[in-house]
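Source file: my_file.tsv. Holds: TSV, C-alpha atoms and all ligand atoms.
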chain	number	residue	atom	x	y	z
A	1	MET	CA	-97.78	115.00	116.81
A	2	LYS	CA	-96.49	115.21	120.37
A	3	ASP	CA	-98.27	113.52	123.22
A	4	VAL	CA	-101.56	115.38	122.99
A	5	LYS	CA	-102.35	115.05	126.70
A	6	GLN	CA	-99.12	116.65	127.73
A	7	ASN	CA	-99.70	119.56	125.44
A	8	THR	CA	-103.36	120.36	125.76
A	9	LEU	CA	-104.28	123.85	126.83
A	10	LYS	CA	-105.23	124.22	130.48
A	11	GLU	CA	-107.09	127.14	131.97
A	12	GLU	CA	-105.27	127.07	135.30
A	13	LYS	CA	-101.87	127.00	133.61
A	14	ILE	CA	-102.66	129.95	131.34
A	15	LEU	CA	-104.11	131.95	134.24
A	16	ASN	CA	-101.10	131.15	136.35
A	17	PHE	CA	-98.69	132.71	133.85
A	18	LEU	CA	-100.82	135.81	133.19
A	19	GLU	CA	-99.57	138.90	134.96
A	20	LYS	CA	-102.20	140.34	137.24
A	21	ASN	CA	-102.66	143.93	136.27
A	22	CYS	CA	-103.84	146.59	138.63
A	23	ASP	CA	-106.22	148.35	136.20
A	24	PHE	CA	-108.24	145.45	134.71
A	25	GLU	CA	-109.07	141.83	135.54
A	26	TRP	CA	-108.36	139.04	133.06
A	27	HIS	CA	-111.19	137.09	131.53
A	28	LEU	CA	-110.05	133.86	129.92
A	29	SER	CA	-112.19	131.68	127.68
A	30	LEU	CA	-110.69	128.43	126.48
A	31	HIS	CA	-112.35	126.32	123.79
A	32	GLU	CA	-111.81	122.91	122.28
A	33	GLU	CA	-113.18	124.34	119.04
A	34	VAL	CA	-114.43	127.76	118.02
A	35	GLU	CA	-115.20	129.37	114.66
A	36	SER	CA	-112.60	132.11	115.15
A	37	THR	CA	-111.16	133.47	118.40
A	38	ASN	CA	-111.35	136.98	116.90
A	39	ASP	CA	-115.06	136.54	116.13
A	40	TYR	CA	-115.68	135.21	119.62
A	41	LEU	CA	-114.28	138.41	121.12
A	42	PHE	CA	-116.27	140.56	118.72
A	43	GLU	CA	-119.32	139.09	120.34
A	44	PHE	CA	-118.28	138.65	123.95
A	45	ALA	CA	-115.43	141.10	124.73
A	46	ASN	CA	-116.03	143.19	127.82
A	47	PRO	CA	-114.52	146.69	127.55
A	48	ASN	CA	-113.78	146.66	131.28
A	49	GLU	CA	-111.60	143.54	131.20
A	50	TYR	CA	-108.62	142.13	129.37
A	51	CYS	CA	-110.27	139.29	127.48
A	52	LEU	CA	-108.21	136.38	126.22
A	53	CYS	CA	-109.83	133.78	123.99
A	54	VAL	CA	-107.80	130.69	123.09
A	55	ALA	CA	-108.80	127.58	121.19
A	56	GLU	CA	-107.43	124.15	120.36
A	57	SER	CA	-108.87	124.55	116.86
A	58	GLN	CA	-110.82	126.98	114.69
A	59	THR	CA	-113.34	126.07	112.03
A	60	LYS	CA	-113.33	129.53	110.42
A	61	GLY	CA	-109.87	130.85	111.33
A	62	ARG	CA	-109.22	134.04	109.38
A	63	GLY	CA	-106.06	135.68	108.11
A	64	ARG	CA	-105.57	139.05	106.44
A	65	ASN	CA	-107.02	139.72	103.00
A	66	LEU	CA	-109.90	137.28	103.55
A	67	LYS	CA	-107.58	134.30	103.65
A	68	LYS	CA	-108.37	131.18	105.66
A	69	TRP	CA	-106.05	130.49	108.59
A	70	GLN	CA	-105.28	126.78	108.92
A	71	SER	CA	-106.19	125.79	112.48
A	72	PRO	CA	-105.77	122.04	113.07
A	73	LYS	CA	-106.55	120.72	116.53
A	74	TYR	CA	-103.89	120.67	119.28
A	75	GLU	CA	-101.10	121.65	116.94
A	76	ASN	CA	-100.71	125.40	117.14
A	77	ILE	CA	-101.58	128.56	119.03
A	78	TYR	CA	-104.80	130.40	118.14
A	79	MET	CA	-105.37	133.29	120.50
A	80	SER	CA	-107.12	136.65	120.57
A	81	LEU	CA	-106.75	139.35	123.15
A	82	SER	CA	-109.05	142.36	123.53
A	83	PHE	CA	-108.67	145.61	125.44
A	84	SER	CA	-110.22	149.04	125.37
A	85	THR	CA	-108.37	152.26	124.67
A	86	ASN	CA	-108.98	155.97	125.12
A	87	LYS	CA	-107.07	156.62	121.91
A	88	GLU	CA	-108.69	156.84	118.51
A	89	LEU	CA	-108.95	153.49	116.75
A	90	LYS	CA	-107.20	154.77	113.64
A	91	ASN	CA	-104.04	155.18	115.76
A	92	PHE	CA	-103.89	151.40	116.06
A	93	SER	CA	-103.24	150.76	112.37
A	94	SER	CA	-99.57	149.99	113.14
A	95	PHE	CA	-100.36	147.87	116.18
A	96	SER	CA	-99.99	144.63	114.19
A	97	LEU	CA	-96.28	145.42	113.97
A	98	VAL	CA	-96.15	146.03	117.71
A	99	SER	CA	-97.98	142.74	118.37
A	100	ALA	CA	-95.55	140.93	116.07
A	101	LEU	CA	-92.75	142.47	118.13
A	102	ALA	CA	-94.39	141.07	121.28
A	103	VAL	CA	-94.35	137.57	119.74
A	104	HIS	CA	-90.74	138.08	118.67
A	105	ASN	CA	-89.75	139.11	122.24
A	106	VAL	CA	-91.42	136.08	123.81
A	107	LEU	CA	-89.81	133.65	121.35
A	108	LEU	CA	-86.45	135.32	121.88
A	109	GLY	CA	-86.87	134.44	125.56
A	110	GLN	CA	-86.92	130.80	124.35
A	111	ASN	CA	-83.75	131.42	122.27
A	112	ILE	CA	-85.73	131.49	119.03
A	113	PHE	CA	-84.87	134.41	116.77
A	114	THR	CA	-87.70	135.49	114.48
A	115	GLU	CA	-88.00	138.33	112.00
A	116	ILE	CA	-91.07	140.37	111.16
A	117	LYS	CA	-92.36	140.66	107.64
A	118	TRP	CA	-94.19	143.95	107.37
A	119	PRO	CA	-96.98	144.41	108.20
A	120	ASN	CA	-98.03	141.36	110.22
A	121	ASP	CA	-96.11	138.14	109.60
A	122	ILE	CA	-93.66	136.34	111.84
A	123	TYR	CA	-90.83	134.61	110.02
A	124	LEU	CA	-88.38	131.98	111.17
A	125	ASN	CA	-85.53	130.82	108.91
A	126	LYS	CA	-87.18	132.66	105.98
A	127	LYS	CA	-90.53	130.87	106.43
A	128	LYS	CA	-93.78	132.12	107.86
A	129	ILE	CA	-94.59	130.65	111.28
A	130	GLY	CA	-97.20	133.13	112.47
A	131	GLY	CA	-99.40	136.08	111.70
A	132	ILE	CA	-101.36	138.84	113.37
A	133	LEU	CA	-104.89	140.00	112.59
A	134	ILE	CA	-105.89	143.25	114.29
A	135	GLU	CA	-109.52	144.32	114.26
A	136	THR	CA	-111.15	147.26	115.99
A	137	PHE	CA	-114.70	148.15	116.96
A	138	SER	CA	-116.75	150.16	119.45
A	139	LYS	CA	-118.91	148.70	122.20
A	140	ASP	CA	-120.81	150.45	125.00
A	141	GLY	CA	-119.28	153.73	123.83
A	142	LYS	CA	-115.74	152.36	124.23
A	143	ASN	CA	-113.08	151.69	121.62
A	144	LEU	CA	-111.93	148.08	121.54
A	145	ILE	CA	-108.97	146.40	119.88
A	146	VAL	CA	-108.85	142.69	119.13
A	147	VAL	CA	-105.38	141.28	118.53
A	148	GLY	CA	-105.59	137.85	116.90
A	149	ILE	CA	-102.42	135.78	116.83
A	150	GLY	CA	-101.77	132.49	115.09
A	151	LEU	CA	-98.46	130.72	115.73
A	152	ASN	CA	-97.50	127.37	114.22
A	153	VAL	CA	-96.05	125.23	116.97
A	154	PHE	CA	-96.28	121.47	116.31
A	155	MET	CA	-97.86	121.46	112.82
A	156	LYS	CA	-95.82	119.26	110.50
A	157	ASN	CA	-98.02	118.72	107.45
A	158	ASN	CA	-100.44	121.00	105.73
A	159	THR	CA	-101.09	121.02	102.03
A	160	GLU	CA	-103.59	123.87	102.20
A	161	ILE	CA	-101.11	126.68	102.81
A	162	ASP	CA	-100.02	128.45	99.67
A	163	LYS	CA	-96.78	130.04	100.88
A	164	ASP	CA	-93.53	128.87	102.41
A	165	TRP	CA	-94.50	128.08	105.98
A	166	SER	CA	-93.00	126.33	108.94
A	167	SER	CA	-93.58	125.64	112.62
A	168	LEU	CA	-91.40	125.70	115.71
A	169	GLU	CA	-91.24	121.91	115.76
A	170	LEU	CA	-90.28	121.70	112.08
A	171	GLU	CA	-87.42	124.12	112.67
A	172	PHE	CA	-86.28	122.68	116.01
A	173	GLU	CA	-86.94	118.98	116.24
A	174	ASN	CA	-88.14	117.82	119.67
A	175	ILE	CA	-88.54	121.37	120.89
A	176	GLU	CA	-89.87	121.51	124.45
A	177	ILE	CA	-92.59	124.10	124.37
A	178	ASP	CA	-95.59	124.64	126.61
A	179	ARG	CA	-98.25	126.42	124.57
A	180	ASN	CA	-99.96	127.54	127.81
A	181	GLU	CA	-96.87	129.42	128.88
A	182	ILE	CA	-96.23	130.94	125.46
A	183	ILE	CA	-99.84	132.13	125.17
A	184	SER	CA	-99.73	133.91	128.54
A	185	LYS	CA	-96.32	135.41	127.92
A	186	ILE	CA	-97.48	136.77	124.55
A	187	ALA	CA	-100.62	138.25	126.17
A	188	ASN	CA	-98.50	139.86	128.91
A	189	GLU	CA	-96.06	141.26	126.37
A	190	VAL	CA	-98.77	142.64	124.06
A	191	LEU	CA	-100.24	144.55	127.02
A	192	LEU	CA	-96.87	145.82	128.11
A	193	LEU	CA	-96.08	147.11	124.62
A	194	LYS	CA	-99.62	148.51	124.31
A	195	SER	CA	-98.97	150.85	127.27
A	196	ASN	CA	-95.78	152.11	125.62
A	197	PHE	CA	-97.59	152.39	122.31
A	198	GLU	CA	-100.37	154.49	123.84
A	199	ARG	CA	-97.76	156.83	125.35
A	200	LYS	CA	-95.26	157.10	122.48
A	201	GLY	CA	-96.98	155.72	119.38
A	202	PHE	CA	-95.11	153.58	116.86
A	203	ASP	CA	-92.21	156.03	116.99
A	204	GLY	CA	-91.06	154.35	120.21
A	205	PHE	CA	-90.68	150.98	118.40
A	206	VAL	CA	-89.40	151.89	114.98
A	207	LYS	CA	-85.70	151.41	115.83
A	208	ASP	CA	-86.30	147.91	117.27
A	209	PHE	CA	-88.53	147.06	114.39
A	210	ASN	CA	-86.04	148.02	111.72
A	211	LYS	CA	-83.55	145.51	113.18
A	212	LEU	CA	-86.09	142.73	112.55
A	213	ASN	CA	-87.39	143.90	109.19
A	214	PHE	CA	-87.48	140.73	107.08
A	215	LEU	CA	-88.31	142.64	103.89
A	216	LYS	CA	-85.36	145.04	104.05
A	217	ASP	CA	-83.52	145.13	100.69
A	218	LYS	CA	-85.74	142.39	99.24
A	219	LYS	CA	-87.45	142.69	95.87
A	220	VAL	CA	-91.19	143.00	96.43
A	221	PHE	CA	-94.34	143.13	94.33
A	222	LEU	CA	-96.99	145.60	95.35
A	223	SER	CA	-100.31	144.29	94.20
A	224	ASN	CA	-103.03	146.91	94.01
A	225	SER	CA	-104.65	147.98	90.76
A	226	ILE	CA	-101.31	148.13	88.96
A	227	SER	CA	-98.75	145.54	89.99
A	228	LYS	CA	-95.36	147.12	90.59
A	229	GLU	CA	-91.97	145.78	91.48
A	230	GLY	CA	-89.69	147.53	93.92
A	231	THR	CA	-87.17	147.12	96.72
A	232	ALA	CA	-88.29	147.28	100.32
A	233	LEU	CA	-86.42	149.70	102.56
A	234	ASP	CA	-86.99	150.77	106.17
A	235	ILE	CA	-90.18	151.18	108.18
A	236	ASN	CA	-91.18	154.79	108.99
A	237	SER	CA	-92.18	156.16	112.37
A	238	ASP	CA	-95.87	156.02	111.33
A	239	GLY	CA	-95.58	152.26	110.60
A	240	SER	CA	-95.56	152.64	106.82
A	241	LEU	CA	-92.96	150.89	104.65
A	242	ASN	CA	-90.61	152.66	102.26
A	243	VAL	CA	-90.33	151.00	98.87
A	244	ARG	CA	-87.98	152.08	96.12
A	245	ILE	CA	-89.88	152.06	92.83
A	246	ASP	CA	-88.60	153.57	89.57
A	247	ASN	CA	-85.89	155.51	91.46
A	248	GLN	CA	-88.41	157.04	93.82
A	249	THR	CA	-89.08	156.18	97.44
A	250	LYS	CA	-92.77	155.58	98.11
A	251	LYS	CA	-94.41	155.26	101.51
A	252	ILE	CA	-96.73	152.25	101.57
A	253	SER	CA	-99.33	151.92	104.29
A	254	SER	CA	-100.49	148.49	105.39
A	255	GLY	CA	-104.11	148.72	104.25
A	256	GLU	CA	-103.05	149.81	100.79
A	257	VAL	CA	-101.39	146.81	99.20
A	258	SER	CA	-100.39	143.24	99.71
A	259	ILE	CA	-96.73	142.50	99.32
A	260	ASN	CA	-95.22	139.43	97.72
A	261	ILE	CA	-91.56	138.63	97.84
A	262	ASN	CA	-90.01	138.25	94.45
B	1	LIG	C1	-102.36	136.52	108.79
B	1	LIG	O1	-101.18	136.17	108.77
B	1	LIG	O2	-102.99	136.75	107.76
B	1	LIG	C2	-103.04	136.70	110.13
B	1	LIG	C3	-103.41	135.37	110.75
B	1	LIG	C4	-104.12	135.52	112.08
B	1	LIG	C5	-104.65	134.18	112.58
B	1	LIG	C6	-105.19	134.29	113.97
B	1	LIG	S1	-105.47	132.71	114.71
B	1	LIG	C7	-106.29	133.47	116.03
B	1	LIG	C8	-107.14	134.59	115.45
B	1	LIG	N1	-108.41	134.09	115.01
B	1	LIG	C9	-108.56	134.19	113.70
B	1	LIG	O3	-109.58	133.83	113.06
B	1	LIG	N2	-107.48	134.75	113.15
B	1	LIG	C10	-106.48	135.06	114.15

Would you put the structure from the file into structure tokens?
Amino acid sequence: MKDVKQNTLKEEKILNFLEKNCDFEWHLSLHEEVESTNDYLFEFANPNEYCLCVAESQTKGRGRNLKKWQSPKYENIYMSLSFSTNKELKNFSSFSLVSALAVHNVLLGQNIFTEIKWPNDIYLNKKKIGGILIETFSKDGKNLIVVGIGLNVFMKNNTEIDKDWSSLELEFENIEIDRNEIISKIANEVLLLKSNFERKGFDGFVKDFNKLNFLKDKKVFLSNSISKEGTALDINSDGSLNVRIDNQTKKISSGEVSININ
């Protein structure tokens, strides 16, 4: 691991990089250890602020489909961001793709080119380096979105992860990365894209997204009640994925199935 002191998260650094928005104030909570940054915001998010919860480690980090998210101390980024919206919560079902695009944009600014595996994974050199977990709820009569983001930065060993994974450091030895800066830039970018998303919906992103679509033309397994094999095609303007199965194109929505690459 890198020099831990140099790389610890610092409140003043994160705040310094956060763009000050005219509509809401930021509320940052930084923890040495937390059960899950998403759960923390479920409890403490204020609908009248942009809340950002970051942690050096999580004891109950969660991924999609009830999977555990490996969250060793000081090694990675574990962050959740919450904001309220006047839109209906069901409109945010494709926001995990938009959040993944935000992570992609920030890493591109560091000359790191990632792809997005529909509906919520960030891939680098064909391996998963990050994931998004979006959760929504209502509080004080307002609709709230929690965007949870995990990004592997310095992690080099982990025997608990069941798929091909990597981290920025594993892919680029001796990479100079300040997690504080990356966290703030991701939060800024998610909010920027959120404004566009509220105005134009996913339609405004679909072209960009299809250039980064990791699954395109790959053989995939759709695992619901009946496992089926097909070929992934493009993403649609509602955020669903087209899959060619038995000479027919089917629209798959993200809550419906989990996808494994063949
Ligand atoms: C996935 O790929 O399945 C989504 C992983 C999301 C992990 C992040 S880490 C920060 C936030 N807190 C959690 O408990 N989960 C998300």

Each chain A residue no farther than 6 Å from ligand LIG 1 (chain B), nearest pair in Å, all atoms listed in the file, as JSON lines:
{"residue": "A:Ser36", "atom": "CA", "partner": "B:LIG1", "partner_atom": "O3", "distance": 4.1}
{"residue": "A:Thr37", "atom": "CA", "partner": "B:LIG1", "partner_atom": "N1", "distance": 4.4}
{"residue": "A:Asn38", "atom": "CA", "partner": "B:LIG1", "partner_atom": "N1", "distance": 4.5}
{"residue": "A:Gly61", "atom": "CA", "partner": "B:LIG1", "partner_atom": "O3", "distance": 3.5}
{"residue": "A:Arg62", "atom": "CA", "partner": "B:LIG1", "partner_atom": "O3", "distance": 3.7}
{"residue": "A:Gly63", "atom": "CA", "partner": "B:LIG1", "partner_atom": "O2", "distance": 3.3}
{"residue": "A:Arg64", "atom": "CA", "partner": "B:LIG1", "partner_atom": "O2", "distance": 3.7}
{"residue": "A:Trp69", "atom": "CA", "partner": "B:LIG1", "partner_atom": "C5", "distance": 5.6}
{"residue": "A:Tyr78", "atom": "CA", "partner": "B:LIG1", "partner_atom": "C7", "distance": 4.0}
{"residue": "A:Met79", "atom": "CA", "partner": "B:LIG1", "partner_atom": "C7", "distance": 4.6}
{"residue": "A:Ser80", "atom": "CA", "partner": "B:LIG1", "partner_atom": "C8", "distance": 5.5}
{"residue": "A:Asp121", "atom": "CA", "partner": "B:LIG1", "partner_atom": "O1", "distance": 5.5}
{"residue": "A:Gly131", "atom": "CA", "partner": "B:LIG1", "partner_atom": "O1", "distance": 3.4}
{"residue": "A:Ile132", "atom": "CA", "partner": "B:LIG1", "partner_atom": "C2", "distance": 4.2}
{"residue": "A:Leu133", "atom": "CA", "partner": "B:LIG1", "partner_atom": "C2", "distance": 4.5}
{"residue": "A:Gly148", "atom": "CA", "partner": "B:LIG1", "partner_atom": "C8", "distance": 3.9}
{"residue": "A:Ile149", "atom": "CA", "partner": "B:LIG1", "partner_atom": "C6", "distance": 4.3}
{"residue": "A:Gly150", "atom": "CA", "partner": "B:LIG1", "partner_atom": "S1", "distance": 3.7}

Which residue gives the smallest distance to A:Leu144 among A:Leu81, A:Ala55, A:Val220, A:Leu28, with only C-alpha atoms counted?
->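 Counting only C-alpha atoms, the residue closest to A:Leu144 is A:Leu81.
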
Counting all atoms listed in the file, closest pick from A:Phe137, A:Phe95, A:Tyr123, A:Tyr50 relative to A:Leu212 is A:Tyr123

Which residues come within 12 Å of A:Ile252, counting all atoms listed in the file, excluding same-chain residues fewer than 2 positions away, as a VMD selection string?
-> chain A and resid 118 to 119 220 to 224 230 to 236 238 to 245 249 to 250 254 to 259

Residue with smallest distance to A:His104 - pool A:Ser138, A:Asn213, A:Ser29, A:Ser253, counting all atoms listed in the file |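 Between A:Ser138, A:Asn213, A:Ser29, A:Ser253, the residue approaching A:His104 most closely is A:Asn213.
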
State, in Å with one decimal place, the distance from atom CA of A:Ser82 to atom CA of A:Val54.
-> 11.7 Å

Could you state the separation of atom CA of A:Val98 and atom CA of A:Val147 in Å, given to one decimal place?
->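 Interatomic distance, atom CA of A:Val98 to atom CA of A:Val147: 10.4 Å.
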